[in-house]
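Participant: For reference, the structure I am asking about is given below.
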Amino acid sequence: MRYEDFYRQSIEQPEQFWAEQARLIHWETPPQQILDQSRPPFRRWFVGGTTNLCYNAVDRHLAHRAEQLALVAISGETGFTREFTYRELHREVNVFAAVLQQLAVGKGDRVVIYLPNIAEAVFAMLACARIGAIHSVVFGGFAAHNLALRIDDAQPKLLIATDAGMRGGKVISYKPLVDAALAESRSPPPHVLIVDRELDPLMTHMAGRDLDYASLRAQCRGAEVAVTWLESNEPSYLLYTSGTTGNPKGIQRDVGGYAVAMALSIRTVFDIAPGQVMFSTSDIGWQVGHSYNVYAPLIGGATSLLYEGLPTRPDPGIWWELCEKYGVRTMFSSPTALRVLKKQDPAWLKKYDLSSLQWLFLAGEPLDEPTARWITEAIGVPVIDNYWQTETGWPAITLMPGLDLKSVKLGSPGLPAPGYKIKVIDENSGEEVAPQQKGVLVFEPPLPPGCLTTVWRDDERYVVSYFSSFKDLLYNSLDWAIRDEEGYIWILGRTDDVINVAGHRLGTREIEESVATHPAVAEAAVVGVHDELKGQLPIVFATLKQDAGDGAAAIALAMQQCVVNRLGAVAKPSRVYVVNALPKTRSGKLLRRLLQALAEQRDPGDLSVLDDPAALEEIRRALARGPQLGG
Ligand code: ATP
Ligand code: MG
């Protein structure tokens, strides 16, 4: 089918289109109504239908592909590979679900999963889905404070963690972070279930609270746990955004709509049929990991590869080696990871037979042309940029090689995905702008199946954050975009302030708040400056409560440590400048854009909003003099 016809039908006859797509999954009871829009901007898809994500991802395949590989978990760090057929996956998920039930976890209870990319993370997610518990995976690179914030919001009945992860050959203990997070948390769960990888010999259990997964698993061997059928619109899981306000949003997803979006996209976008192999390099703590490491490939009856570690360990050929070994058809990664591989000896790429590889998808941040050209030439397959957000759950703008591949335009993620009514509008008037004009990227309601249904326990925040900027309840993506004459869309960056470090999104506000926890700091401003390798790096400008003289360097070092302690090493500022004043607008808002421009040696642009010109000179002097930390 042609993309144009497919897309047009999704927009012009949405109910017919989605009723058709709903047949891609198993419904225990079929939906009675395809779309309910009686309470915009909320909408409900497949009302009255009952289904289950775990059943669709696992049980459903037992009849035809029980002996086919479902999950391959490879660790470039420990050197171990674990393979699971659908039958074995079914067994592991049932046992995990039985353990959850033993710990009194049931329908509607939240379970926070704080694990690296290991098979147990997938078992835990699917086990939750099986019994109707709501999982909330927290990225393993987040430190204690970030974990505590998410625990306090989700109020879980159980936390699932591990003794340690590994990165670059170094063991990273998780347990001390868990203990610190629970000490900080206002609603600590009664139990922590620990998947002990025996990486950290110093790990200790807290008697009564901490439980060893291996022992409970042994007790539940052979258990079968009945599937809990859920109404299509009941919550399936939560995933927190990075949070520019310092208070992350718990993106809530439904069951039926998400399952249908996964089933549709794995075929038509990612071109994966049952029995084929998908390799997404994402961490399961991100949205791509949820959708394209776990739910979509499994719902689609494919084999999913899960990878723990850096793309350069044990050597920079590892990802290509895996493509050859497992016959990967579609690979999904990030521009940052590709930029790392670009720096390696090109011989690594030539070493392996990549003839099975058909497509490389990249997402999460702007894809620069040199990287896109390099990798297209190196592996000889089209590179497909695709745009989406945690909120959307699946690509909103992409090409769809599973249908028919439209021409790739470098720098553009392509065309709207089915069901996405995309507009580029003027920020002030709200009217659609002409082709090639910059505007705000918005989606006209209703959002298609798969997108967020609300913010966890905060319907008002859902409405205020996404639907109140413009008339007609348009969904505000908070990204700038332009559209060309052929309908291709270019993403120009964000309308809010976020730093992208090696694919990890960090709110500037969050880092500023961490810096400001140091008692000597009066105020801090954080901006991202361009970095060849990582995309951006955070730098700090801070004023102190009292002149510290020679002590400024020590305080700068302590500020950096405050950030690492609260947010993790990903957020570590690369430079800290202690200054006497920060540039602000008359209404008292920090002018981060100005700081960023000066730090990147660009023209600071319009200075009329600046309250005190002396602050500008102060920043220029500080930059010329050099930072107190870094350089
Ligand atoms: P928060 O909303 O808490 O600030 P976040 O927006 O940083 O979190 P994500 O939902 O992971 O976290 O990121 C989505 C954003 O990533 C998009 O809004 C866009 O800015 C950027 N993005 C994603 N894909 C692309 C792409 N292909 N090209 C350019 N930018 C992209
Ligand atoms: Mg966002």
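Identifiers in this document derive from the order of the structure tokens: chains are assigned A, B, ..., residues are numbered from 1 separately in each chain, and ligands are numbered from 1 in order of occurrence.
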Please, which residues have at least one atom within 8 Å of an atom of ligand 1, using only C-alpha atoms and all ligand atoms, listed as number ranges by chain?
Facilitator: A: 240-245, 248-249, 286-287, 362-367, 385-391, 397, 412-413, 477-479, 490-494, 496-500, 504-507
Participant: At a cut-off of 6 Å, using only C-alpha atoms, what residues contact A:Asp254? Leave out same-chain residues fewer than 4 positions from it and give the result as a ChimeraX atom specification.
Facilitator: /A:233-236
Participant: Among stretch 319-425 of chain A, which residues carry a DSSP assignment of strand (DSSP E), reported as an MDAnalysis selection string?
Facilitator: chainID A and resid 330:333 359:363 383:386 397:398 415:416 421:425
Participant: Tell me, as a compact mmCIF listing (two decimals) with N, CA, C and O atoms, in the first residue's frame, which residues lie within 6 Å of stretch 123-136 of chain A, counting only C-alpha atoms; anything in the same chain fewer than 5 positions away does not count.
Facilitator:
```
# COMPACT_ATOMS: atom_id res chain seq x y z
N LEU A 53 -1.15 -6.64 27.48
CA LEU A 53 0.11 -6.46 26.73
C LEU A 53 0.97 -7.72 26.79
O LEU A 53 1.58 -8.12 25.80
N CYS A 54 1.05 -8.35 27.94
CA CYS A 54 1.88 -9.55 28.07
C CYS A 54 1.32 -10.69 27.23
O CYS A 54 2.07 -11.41 26.56
N VAL A 93 8.52 -15.18 32.54
CA VAL A 93 7.56 -14.11 32.87
C VAL A 93 6.53 -14.63 33.86
O VAL A 93 6.13 -13.92 34.80
N PHE A 96 8.16 -14.75 37.24
CA PHE A 96 8.31 -13.39 37.78
C PHE A 96 6.96 -12.87 38.28
O PHE A 96 6.86 -12.25 39.34
N ALA A 97 5.92 -13.17 37.50
CA ALA A 97 4.58 -12.72 37.90
C ALA A 97 4.16 -13.39 39.20
O ALA A 97 3.54 -12.76 40.07
N GLY A 106 -0.60 -6.44 42.90
CA GLY A 106 -1.77 -6.80 42.10
C GLY A 106 -2.14 -5.70 41.13
O GLY A 106 -1.39 -4.74 40.94
N LYS A 107 -3.30 -5.83 40.53
CA LYS A 107 -3.77 -4.88 39.53
C LYS A 107 -3.76 -3.45 40.06
O LYS A 107 -4.25 -3.19 41.15
N GLY A 108 -3.22 -2.56 39.26
CA GLY A 108 -3.21 -1.14 39.61
C GLY A 108 -2.07 -0.71 40.52
O GLY A 108 -1.80 0.48 40.66
N ASP A 109 -1.37 -1.68 41.14
CA ASP A 109 -0.21 -1.32 41.98
C ASP A 109 0.95 -0.90 41.09
O ASP A 109 1.15 -1.45 40.02
N ARG A 110 1.75 0.06 41.58
CA ARG A 110 2.92 0.47 40.82
C ARG A 110 4.15 -0.30 41.26
O ARG A 110 4.31 -0.63 42.43
N VAL A 111 4.99 -0.59 40.28
CA VAL A 111 6.26 -1.26 40.54
C VAL A 111 7.35 -0.45 39.86
O VAL A 111 7.30 -0.24 38.64
N VAL A 112 8.30 0.06 40.63
CA VAL A 112 9.41 0.80 40.03
C VAL A 112 10.53 -0.18 39.70
O VAL A 112 10.94 -0.99 40.54
N VAL A 227 -3.58 -14.48 33.09
CA VAL A 227 -3.54 -13.12 32.55
C VAL A 227 -4.69 -12.31 33.14
O VAL A 227 -5.81 -12.81 33.24
N THR A 228 -4.42 -11.08 33.55
CA THR A 228 -5.49 -10.17 33.99
C THR A 228 -5.93 -9.31 32.81
O THR A 228 -5.13 -8.53 32.29
N SER A 236 -1.33 1.11 31.65
CA SER A 236 -0.41 -0.02 31.51
C SER A 236 0.92 0.30 32.19
O SER A 236 1.44 -0.47 32.97
N TYR A 237 1.48 1.48 31.89
CA TYR A 237 2.74 1.83 32.55
C TYR A 237 2.95 3.32 32.60
O TYR A 237 2.25 4.08 31.92
N LEU A 238 3.92 3.71 33.42
CA LEU A 238 4.31 5.12 33.53
C LEU A 238 5.76 5.23 33.10
O LEU A 238 6.55 4.33 33.33
N LEU A 239 6.09 6.34 32.48
CA LEU A 239 7.49 6.63 32.21
C LEU A 239 7.67 8.13 32.39
O LEU A 239 6.93 8.92 31.81
```
Participant: Could you check the closest approach to A:His90 for each of A:Gly430, A:Pro188, A:Pro519, A:Gly222 and tell me which residue wins, using only C-alpha atoms?
Facilitator: A:Gly222
Participant: Among stretch 112-212 of chain A, which residues carry a DSSP assignment of helix (DSSP H, G or I), reported as a PyMOL selection string?
Facilitator: chain A and resi 119-131+144-154+175-184
Participant: Please measure the separation of atom CA of A:Asp459 and atom CA of A:Arg253, giving the value in Å to one decimal.
Facilitator: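 Distance between the two atoms: 13.0 Å.
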Participant: Skipping near chain neighbours, those fewer than 4 positions away, what residues fall within 9 Å of A:Asp212 using only C-alpha atoms, listed as a list of chain:residue names?
Facilitator: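 In the requested form, the answer reads A:Val192, A:Leu193, A:Ile194, A:Val195, A:Asp196, A:His205, A:Leu216, A:Arg217.
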Participant: Taking C-alpha atoms for each residue, export the selection above as a compact mmCIF listing (two decimals), in the first residue's frame.
Facilitator:
```txt
# COMPACT_ATOMS: atom_id res chain seq x y z
CA VAL A 192 13.08 -4.13 47.38
CA LEU A 193 13.45 -7.16 45.12
CA ILE A 194 17.08 -7.60 44.19
CA VAL A 195 18.28 -9.31 41.06
CA ASP A 196 21.74 -10.22 42.28
CA HIS A 205 20.67 -6.68 52.27
CA LEU A 216 11.91 -16.43 45.30
CA ARG A 217 12.24 -17.57 41.70
```
Participant: With only C-alpha atoms and all ligand atoms as the basis for distance, which of A:Thr392, A:Thr162, A:Thr268, A:Gln9 is at the shortest distance from ligand 2?
Facilitator: A:Thr392
Participant: Using only C-alpha atoms, can you tell me which of A:Ile160, A:Ile482, A:Leu305, A:Ala57 comes closest to A:Leu103?
Facilitator: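 Once distances to A:Leu103 are computed over only C-alpha atoms, the minimum belongs to A:Ile160.
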Participant: Which residue, A:Val529, A:Pro446, A:Glu4, A:Pro14, has the smallest gap to A:Glu486 when you use only C-alpha atoms?
Facilitator: A:Glu4
Participant: Measure the distance from atom CA of A:Ile151 to atom CA of A:Ala516 in Å and round it to one decimal.
Facilitator: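 Interatomic distance, atom CA of A:Ile151 to atom CA of A:Ala516: 22.7 Å.
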Participant: Could you check which of A:Phe42, A:Ala214, A:Lys175, A:Ile251 is closest to ligand 2, using only C-alpha atoms and all ligand atoms?
Facilitator: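 Nearest to ligand 2: A:Ile251.
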Participant: Near A:Asp547, within 12 Å and counting only C-alpha atoms, which residues show up once chain neighbours fewer than 3 positions away are dropped, as an MDAnalysis selection string?
Facilitator: chainID A and resid 520:522 542:544 550:553 555 578:580
Participant: Hey, what's within 9 Å of A:Ile299 if we count only C-alpha atoms and toss same-chain stuff fewer than 6 positions away? As a list in words, please?
Facilitator: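 Those residues are Ile25, Leu53, Cys54, Tyr55, Asn56, Ala57, Val58, Arg60, His61, Ala259, Met262, Ala263 and Ile266 of chain A.
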Participant: Could those selected residues go to a file with all heavy atoms, as a short mmCIF file (atom, residue, chain, number, x, y, z; two decimals), in the first residue's frame?
Facilitator:
```
data_model
loop_
_atom_site.label_atom_id
_atom_site.label_comp_id
_atom_site.auth_asym_id
_atom_site.auth_seq_id
_atom_site.Cartn_x
_atom_site.Cartn_y
_atom_site.Cartn_z
N ILE A 25 -4.02 -7.20 16.91
CA ILE A 25 -3.75 -7.77 18.25
C ILE A 25 -4.90 -8.66 18.69
O ILE A 25 -5.97 -8.66 18.09
CB ILE A 25 -3.50 -6.67 19.31
CG1 ILE A 25 -4.78 -5.86 19.57
CG2 ILE A 25 -2.36 -5.76 18.89
CD1 ILE A 25 -4.79 -5.15 20.91
N LEU A 53 -1.15 -6.64 27.48
CA LEU A 53 0.11 -6.46 26.73
C LEU A 53 0.97 -7.72 26.79
O LEU A 53 1.58 -8.12 25.80
CB LEU A 53 0.91 -5.28 27.29
CG LEU A 53 0.42 -3.88 26.93
CD1 LEU A 53 1.22 -2.83 27.70
CD2 LEU A 53 0.52 -3.61 25.44
N CYS A 54 1.05 -8.35 27.94
CA CYS A 54 1.88 -9.55 28.07
C CYS A 54 1.32 -10.69 27.23
O CYS A 54 2.07 -11.41 26.56
CB CYS A 54 1.98 -9.95 29.54
SG CYS A 54 2.96 -11.43 29.81
N TYR A 55 0.03 -10.86 27.24
CA TYR A 55 -0.57 -11.93 26.43
C TYR A 55 -0.21 -11.73 24.96
O TYR A 55 0.18 -12.67 24.26
CB TYR A 55 -2.09 -11.95 26.61
CG TYR A 55 -2.72 -13.08 25.82
CD1 TYR A 55 -2.86 -14.35 26.38
CD2 TYR A 55 -3.11 -12.89 24.49
CE1 TYR A 55 -3.38 -15.40 25.64
CE2 TYR A 55 -3.63 -13.94 23.74
CZ TYR A 55 -3.76 -15.19 24.32
OH TYR A 55 -4.25 -16.23 23.58
N ASN A 56 -0.34 -10.50 24.50
CA ASN A 56 -0.04 -10.22 23.09
C ASN A 56 1.44 -10.37 22.76
O ASN A 56 1.80 -10.72 21.65
CB ASN A 56 -0.52 -8.81 22.71
CG ASN A 56 -2.00 -8.81 22.35
OD1 ASN A 56 -2.39 -9.27 21.28
ND2 ASN A 56 -2.82 -8.34 23.26
N ALA A 57 2.29 -10.08 23.75
CA ALA A 57 3.74 -10.14 23.50
C ALA A 57 4.30 -11.54 23.67
O ALA A 57 5.35 -11.85 23.10
CB ALA A 57 4.46 -9.17 24.45
N VAL A 58 3.63 -12.38 24.44
CA VAL A 58 4.22 -13.68 24.77
C VAL A 58 3.28 -14.85 24.45
O VAL A 58 3.50 -15.59 23.49
CB VAL A 58 4.63 -13.74 26.27
CG1 VAL A 58 5.36 -15.05 26.56
CG2 VAL A 58 5.54 -12.55 26.63
N ARG A 60 0.50 -15.33 23.03
CA ARG A 60 -0.10 -15.40 21.71
C ARG A 60 0.81 -16.12 20.72
O ARG A 60 0.34 -16.67 19.73
CB ARG A 60 -0.34 -13.96 21.25
CG ARG A 60 -1.22 -13.86 20.04
CD ARG A 60 -1.47 -12.39 19.76
NE ARG A 60 -2.25 -12.27 18.54
CZ ARG A 60 -2.02 -11.36 17.61
NH1 ARG A 60 -1.02 -10.51 17.78
NH2 ARG A 60 -2.76 -11.31 16.54
N HIS A 61 2.12 -16.11 20.96
CA HIS A 61 3.04 -16.70 19.99
C HIS A 61 3.36 -18.16 20.27
O HIS A 61 4.06 -18.80 19.50
CB HIS A 61 4.35 -15.90 19.97
CG HIS A 61 4.12 -14.45 19.67
ND1 HIS A 61 3.46 -14.02 18.54
CD2 HIS A 61 4.44 -13.33 20.36
CE1 HIS A 61 3.38 -12.70 18.55
NE2 HIS A 61 3.98 -12.27 19.64
N ALA A 259 -0.97 -1.17 22.44
CA ALA A 259 -0.71 -2.46 21.78
C ALA A 259 -0.92 -2.35 20.27
O ALA A 259 -0.13 -2.86 19.47
CB ALA A 259 -1.61 -3.54 22.37
N MET A 262 1.88 -0.36 18.65
CA MET A 262 3.10 -1.17 18.57
C MET A 262 2.99 -2.16 17.40
O MET A 262 3.92 -2.33 16.61
CB MET A 262 3.34 -1.94 19.88
CG MET A 262 3.66 -1.08 21.09
SD MET A 262 5.16 -0.07 20.88
CE MET A 262 4.43 1.49 20.41
N ALA A 263 1.85 -2.82 17.30
CA ALA A 263 1.66 -3.83 16.25
C ALA A 263 1.71 -3.19 14.87
O ALA A 263 2.29 -3.73 13.93
CB ALA A 263 0.32 -4.54 16.46
N ILE A 266 5.56 -1.71 14.16
CA ILE A 266 6.65 -2.66 13.94
C ILE A 266 6.60 -3.17 12.49
O ILE A 266 7.64 -3.40 11.87
CB ILE A 266 6.62 -3.83 14.98
CG1 ILE A 266 7.95 -4.57 15.01
CG2 ILE A 266 5.48 -4.80 14.74
CD1 ILE A 266 9.07 -3.85 15.66
#
```
Participant: Do you know which residues are at most 12 Å from A:Glu369 counting only C-alpha atoms, after dropping those on the same chain fewer than 5 positions away, and could you put them as an MDAnalysis selection string?
Facilitator: chainID A and resid 335 339 374:376 383 385 408:412
Participant: For the residues in the current selection, export N, CA and C atoms as a PDB file, in the first residue's frame.
Facilitator:
```pdb
ATOM      1  N   PRO A 335      21.801   9.199  17.131  1.00  0.00           N
ATOM      2  CA  PRO A 335      22.912   9.895  16.472  1.00  0.00           C
ATOM      3  C   PRO A 335      24.178   9.916  17.331  1.00  0.00           C
ATOM      4  N   ARG A 339      27.896   8.749  16.278  1.00  0.00           N
ATOM      5  CA  ARG A 339      29.049   9.662  16.252  1.00  0.00           C
ATOM      6  C   ARG A 339      30.238   9.040  16.974  1.00  0.00           C
ATOM      7  N   TRP A 374      27.936   9.589   6.381  1.00  0.00           N
ATOM      8  CA  TRP A 374      28.980   8.624   6.678  1.00  0.00           C
ATOM      9  C   TRP A 374      28.407   7.223   6.856  1.00  0.00           C
ATOM     10  N   ILE A 375      27.368   7.104   7.684  1.00  0.00           N
ATOM     11  CA  ILE A 375      26.869   5.770   8.000  1.00  0.00           C
ATOM     12  C   ILE A 375      26.110   5.167   6.813  1.00  0.00           C
ATOM     13  N   THR A 376      25.426   6.005   6.045  1.00  0.00           N
ATOM     14  CA  THR A 376      24.725   5.488   4.861  1.00  0.00           C
ATOM     15  C   THR A 376      25.732   4.851   3.914  1.00  0.00           C
ATOM     16  N   VAL A 383      19.400   5.328   6.005  1.00  0.00           N
ATOM     17  CA  VAL A 383      19.303   5.744   7.395  1.00  0.00           C
ATOM     18  C   VAL A 383      18.023   6.541   7.531  1.00  0.00           C
ATOM     19  N   ASP A 385      15.774   8.792   9.843  1.00  0.00           N
ATOM     20  CA  ASP A 385      15.623   9.635  11.009  1.00  0.00           C
ATOM     21  C   ASP A 385      14.145   9.579  11.382  1.00  0.00           C
ATOM     22  N   VAL A 408      14.452   9.707   1.067  1.00  0.00           N
ATOM     23  CA  VAL A 408      15.034  10.262   2.281  1.00  0.00           C
ATOM     24  C   VAL A 408      15.530  11.669   1.965  1.00  0.00           C
ATOM     25  N   LYS A 409      15.183  12.638   2.800  1.00  0.00           N
ATOM     26  CA  LYS A 409      15.779  13.976   2.668  1.00  0.00           C
ATOM     27  C   LYS A 409      16.643  14.190   3.892  1.00  0.00           C
ATOM     28  N   LEU A 410      17.931  14.306   3.679  1.00  0.00           N
ATOM     29  CA  LEU A 410      18.855  14.441   4.806  1.00  0.00           C
ATOM     30  C   LEU A 410      18.475  15.636   5.673  1.00  0.00           C
ATOM     31  N   GLY A 411      18.442  15.401   6.973  1.00  0.00           N
ATOM     32  CA  GLY A 411      18.103  16.486   7.896  1.00  0.00           C
ATOM     33  C   GLY A 411      16.639  16.507   8.286  1.00  0.00           C
ATOM     34  N   SER A 412      15.807  15.735   7.571  1.00  0.00           N
ATOM     35  CA  SER A 412      14.382  15.715   7.900  1.00  0.00           C
ATOM     36  C   SER A 412      13.958  14.321   8.334  1.00  0.00           C
TER      37      SER A 412
END
```
Participant: For stretch 380-444 of chain A versus stretch 355-359 of chain A, which residues have an atom no more than 10 Å away, and what is each residue's nearest atom pair and distance in Å rounded to one decimal, using only C-alpha atoms, chain-then-number order, as JSON lines?
Facilitator:
```
{"residue": "A:Gly380", "atom": "CA", "partner": "A:Gln358", "partner_atom": "CA", "distance": 8.9}
{"residue": "A:Val381", "atom": "CA", "partner": "A:Trp359", "partner_atom": "CA", "distance": 5.8}
{"residue": "A:Pro382", "atom": "CA", "partner": "A:Trp359", "partner_atom": "CA", "distance": 5.8}
{"residue": "A:Val383", "atom": "CA", "partner": "A:Trp359", "partner_atom": "CA", "distance": 6.4}
{"residue": "A:Ile384", "atom": "CA", "partner": "A:Trp359", "partner_atom": "CA", "distance": 7.3}
{"residue": "A:Pro401", "atom": "CA", "partner": "A:Trp359", "partner_atom": "CA", "distance": 8.4}
```
